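K.L.:
Structure below; questions to follow.
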Amino acid sequence: MKNLILILTLFIFLHAEGLNLELKGLPCQGSIIIGHIEPEETTVYYDGRKLNVIEGDFLLGLAKDADLQQNLRLISESGVEIPVLFFINEKHYHSEVINNIQRKYTDPPKNELLIRRLAIEKKIYKYYRDFQFEKQMDYDMIFQRPIEGGRISSPFGIRRIINQREMAPHSGLDIAVPLGTPVSACSDGLVLVVDKYFYQGKFVMLDHCYGLKSVYMHLDSIAVKTGEIVKIGDLLGNVGTTGRSSGPHLHWGIYWYSDELDPESLEYTNKLFFTFKSGR
Ligand SMILES: [Zn+2]
């Protein structure tokens, strides 16, 4: 009943201002939500952040521990502020035990050079993950898996105990496939970085605008260069087992600014979550 009252209240506000709002995606913690607002001049705020709205399209990420009651703030062209409340579902994360990873990847490093290397890589990685171009690209927000099929060997958010040591929750989705399997871009984007780090192994990070990035880790070979524009489905490289990996697999990660999100939620971004039509 509470939901219904909120939705009806919202409808009246939106109707009065002549706004159409549409949200698509899985309404759940850790999900990507794609929105569309009309008129496109409407300003959209989420979690204190002014979102990039390109021709009415915008995107937001629900953090993996996000509150179940969420709100957007819309500011119409005439300056009227409209709060939008919506509810999302809780996501339950399991735990797994992994014991076949080399200890050098799980034990705290003692070697001074390695400590320095890890500190540098952590800082640079964060820099790229949070990097934002001022000018956003306009593109169709369509997504696909970087690999067709394959076994999900470790889902997003799972709590992992590796070599009896509790690690951070899994930041992406692991797809186990044979060595050399082609890996393709999950959406149009720009190659932000191509590198080889201690934990990530050989990796590629793509920028998809709207604060969205995707990363492909543990590759055996890489087929793109920094600065290249790629289209959805373009070859990025081949599956390997470089870095902290216990066998050939792709670690596919999705970030919305500093939040790690569930890559599997991308396949729901074409499904309507809710829509409000003003009727004008
Ligand atoms: Zn992984």
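Each chain of the structure tokens is named A, B, ... in the order shown, its residues numbered from 1; ligands are numbered from 1 in display order.
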Taking only C-alpha atoms and all ligand atoms into account, list the residues no farther than 6 Å from ligand 1, as number ranges by chain.

P.N.:
A: 172-174, 251

K.L.:
Go ahead and write the selection's residues with N, CA and C atoms as a PDB file, in the first residue's frame.

P.N.:
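Produced file again01.pdb, reproduced below:
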```pdb
ATOM      1  N   GLY A 172      33.485  -8.776  -9.586  1.00  0.00           N
ATOM      2  CA  GLY A 172      32.963  -8.961 -10.941  1.00  0.00           C
ATOM      3  C   GLY A 172      32.359 -10.337 -11.097  1.00  0.00           C
ATOM      4  N   LEU A 173      32.300 -10.767 -12.359  1.00  0.00           N
ATOM      5  CA  LEU A 173      31.710 -12.059 -12.694  1.00  0.00           C
ATOM      6  C   LEU A 173      32.785 -12.892 -13.384  1.00  0.00           C
ATOM      7  N   ASP A 174      33.006 -14.121 -12.910  1.00  0.00           N
ATOM      8  CA  ASP A 174      34.004 -14.989 -13.550  1.00  0.00           C
ATOM      9  C   ASP A 174      33.325 -15.971 -14.491  1.00  0.00           C
ATOM     10  N   HIS A 251      37.515 -12.536 -15.903  1.00  0.00           N
ATOM     11  CA  HIS A 251      36.883 -11.758 -14.835  1.00  0.00           C
ATOM     12  C   HIS A 251      36.334 -10.514 -15.520  1.00  0.00           C
TER      13      HIS A 251
END
```

K.L.:
I need the strand (DSSP E or B) residues of range 84-251 of chain A per DSSP on the backbone, written as a ChimeraX atom specification.

P.N.:
/A:84-87,89,95-98,151-154,159-162,165-166,172-176,182-184,189-197,201-207,212-222,229-230,235-240,249-251

K.L.:
Please, what distance in Å, to one decimal, runs between CA of Ile32 in chain A and CA of Gln200 in chain A?

P.N.:
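Between CA of Ile32 in chain A and CA of Gln200 in chain A the gap works out to 23.1 Å.
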
K.L.:
Could you give me, as a VMD selection string, the residues within 6 Å of Pro146 in chain A, counting only C-alpha atoms and dropping anything in the same chain fewer than 4 positions from it?

P.N.:
chain A and resid 183 to 186

K.L.:
So that I can check the surroundings of Gln70 in chain A, please list as a ChimeraX atom specification every protein, DNA and RNA residue that reaches within 6 Å of it, counting only C-alpha atoms and ignoring chain neighbours fewer than 4 positions away.

P.N.:
/A:85-87

K.L.:
Convert the current residue selection to file output with C-alpha atoms, as a JSON list (two decimals), in the first residue's frame.

P.N.:
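For reference, again05.json as written:
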```json
[["chain", "number", "residue", "atom", "x", "y", "z"],
["A", 85, "LEU", "CA", 10.89, 7.41, -4.60],
["A", 86, "PHE", "CA", 11.21, 3.79, -5.61],
["A", 87, "PHE", "CA", 11.93, 0.50, -3.95]]
```

K.L.:
Going by DSSP on the backbone, which residues of range 79-264 of chain A come out as helix (DSSP H, G or I)? List them as number ranges by chain.

P.N.:
A: 103-105, 112-130, 263-264

K.L.:
Which one is closest to Gly35 in chain A: A:His170, A:Asp262, A:Phe273, A:Glu96? Count only C-alpha atoms.

P.N.:
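Among A:His170, A:Asp262, A:Phe273, A:Glu96, it is A:Phe273 that comes nearest to Gly35 in chain A.
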
K.L.:
Could you give me, as a ChimeraX atom specification, the residues within 12 Å of Gln69 in chain A, counting only C-alpha atoms and dropping anything in the same chain fewer than 6 positions from it?

P.N.:
/A:2-3,6,27-29,47,62,84-90

K.L.:
Restricting the output to N, CA and C atoms, write the selected residues as a tab-separated table (two decimals), in the first residue's frame.

P.N.:
```tsv
chain	number	residue	atom	x	y	z
A	2	LYS	N	1.94	1.21	0.81
A	2	LYS	CA	2.86	2.35	0.89
A	2	LYS	C	3.41	2.66	-0.51
A	3	ASN	N	3.81	1.60	-1.22
A	3	ASN	CA	4.35	1.75	-2.58
A	3	ASN	C	3.35	2.45	-3.49
A	6	LEU	N	2.99	6.15	-2.80
A	6	LEU	CA	4.16	6.89	-3.30
A	6	LEU	C	4.09	7.05	-4.81
A	27	PRO	N	15.40	-3.99	-10.51
A	27	PRO	CA	15.38	-3.15	-9.31
A	27	PRO	C	15.95	-3.91	-8.12
A	28	CYS	N	17.26	-3.97	-8.03
A	28	CYS	CA	17.93	-4.81	-7.03
A	28	CYS	C	19.29	-4.20	-6.70
A	29	GLN	N	19.77	-4.45	-5.49
A	29	GLN	CA	21.11	-3.98	-5.11
A	29	GLN	C	22.13	-4.49	-6.13
A	47	ASP	N	21.72	10.24	-5.54
A	47	ASP	CA	22.73	10.07	-4.50
A	47	ASP	C	23.66	11.28	-4.43
A	62	LEU	N	23.05	1.03	-8.76
A	62	LEU	CA	22.60	0.82	-7.38
A	62	LEU	C	23.71	0.04	-6.67
A	84	VAL	N	11.51	11.55	-6.55
A	84	VAL	CA	10.99	10.27	-7.06
A	84	VAL	C	11.46	9.16	-6.13
A	85	LEU	N	10.53	8.51	-5.50
A	85	LEU	CA	10.89	7.41	-4.60
A	85	LEU	C	10.59	6.08	-5.26
A	86	PHE	N	11.50	5.13	-5.11
A	86	PHE	CA	11.21	3.79	-5.61
A	86	PHE	C	11.91	2.76	-4.73
A	87	PHE	N	11.41	1.55	-4.82
A	87	PHE	CA	11.93	0.50	-3.95
A	87	PHE	C	12.68	-0.55	-4.75
A	88	ILE	N	13.75	-1.07	-4.15
A	88	ILE	CA	14.53	-2.11	-4.82
A	88	ILE	C	14.61	-3.33	-3.91
A	89	ASN	N	15.04	-4.44	-4.48
A	89	ASN	CA	15.15	-5.68	-3.71
A	89	ASN	C	16.55	-5.88	-3.15
A	90	GLU	N	16.60	-6.64	-2.08
A	90	GLU	CA	17.89	-6.96	-1.47
A	90	GLU	C	18.53	-8.09	-2.26
```

K.L.:
Identify, on the basis of only C-alpha atoms, every residue whose closest approach to Ile158 in chain A does not exceed 9 Å; exclude the query and any residue fewer than 6 positions from it along the same chain; express the result as a list of chain:residue names.

P.N.:
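Once the adjacent positions are removed, what remains is A:His92, A:Tyr93, A:His94, A:Ser95, A:Glu96, A:Ala168, A:Pro169, A:His170, A:Ser171.
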
K.L.:
Given the choices A:Met167, A:Ala63, A:Leu19, A:Ile142, which gets closest to Pro108 in chain A if the distance is worked out from only C-alpha atoms?

P.N.:
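Looking only at the distances to Pro108 in chain A, the closest residue turns out to be A:Met167.
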
K.L.:
Using only C-alpha atoms, can you tell me which of A:Phe274, A:Tyr127, A:Tyr210, A:Tyr105 comes closest to Gly243 in chain A?

P.N.:
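Comparing A:Phe274, A:Tyr127, A:Tyr210, A:Tyr105 against Gly243 in chain A, the winner is A:Tyr105.
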
K.L.:
Do you know which residues are at most 9 Å from Leu272 in chain A counting only C-alpha atoms, after dropping those on the same chain fewer than 4 positions away, and could you put them as a PyMOL selection string?

P.N.:
chain A and resi 22-26+268

K.L.:
Write the residues of the preceding selection, restricted to C-alpha atoms, as a CSV table (one decimal), in the first residue's frame.

P.N.:
```
chain,number,residue,atom,x,y,z
A,22,GLU,CA,11.1,5.7,-17.6
A,23,LEU,CA,13.4,3.4,-15.6
A,24,LYS,CA,14.7,0.1,-17.0
A,25,GLY,CA,16.7,-2.7,-15.3
A,26,LEU,CA,16.6,-5.0,-12.4
A,268,TYR,CA,17.9,-6.6,-17.7
```

K.L.:
Between A:Leu261, A:Val239, A:Ile229, A:Ile120, which residue has the minimum interatomic distance to Phe198 in chain A, considering only C-alpha atoms?

P.N.:
A:Ile120

K.L.:
Pick out the closest residue to Met137 in chain A from this set: A:Lys50, A:Lys225, A:His208, A:Lys271. Count only C-alpha atoms.

P.N.:
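The shortest atom-to-atom distance to Met137 in chain A comes from A:His208.
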
K.L.:
Between CA of Leu74 in chain A and CA of Asn270 in chain A, measure the distance and give it in Å to one decimal.

P.N.:
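Separation between CA of Leu74 in chain A and CA of Asn270 in chain A: 22.2 Å.
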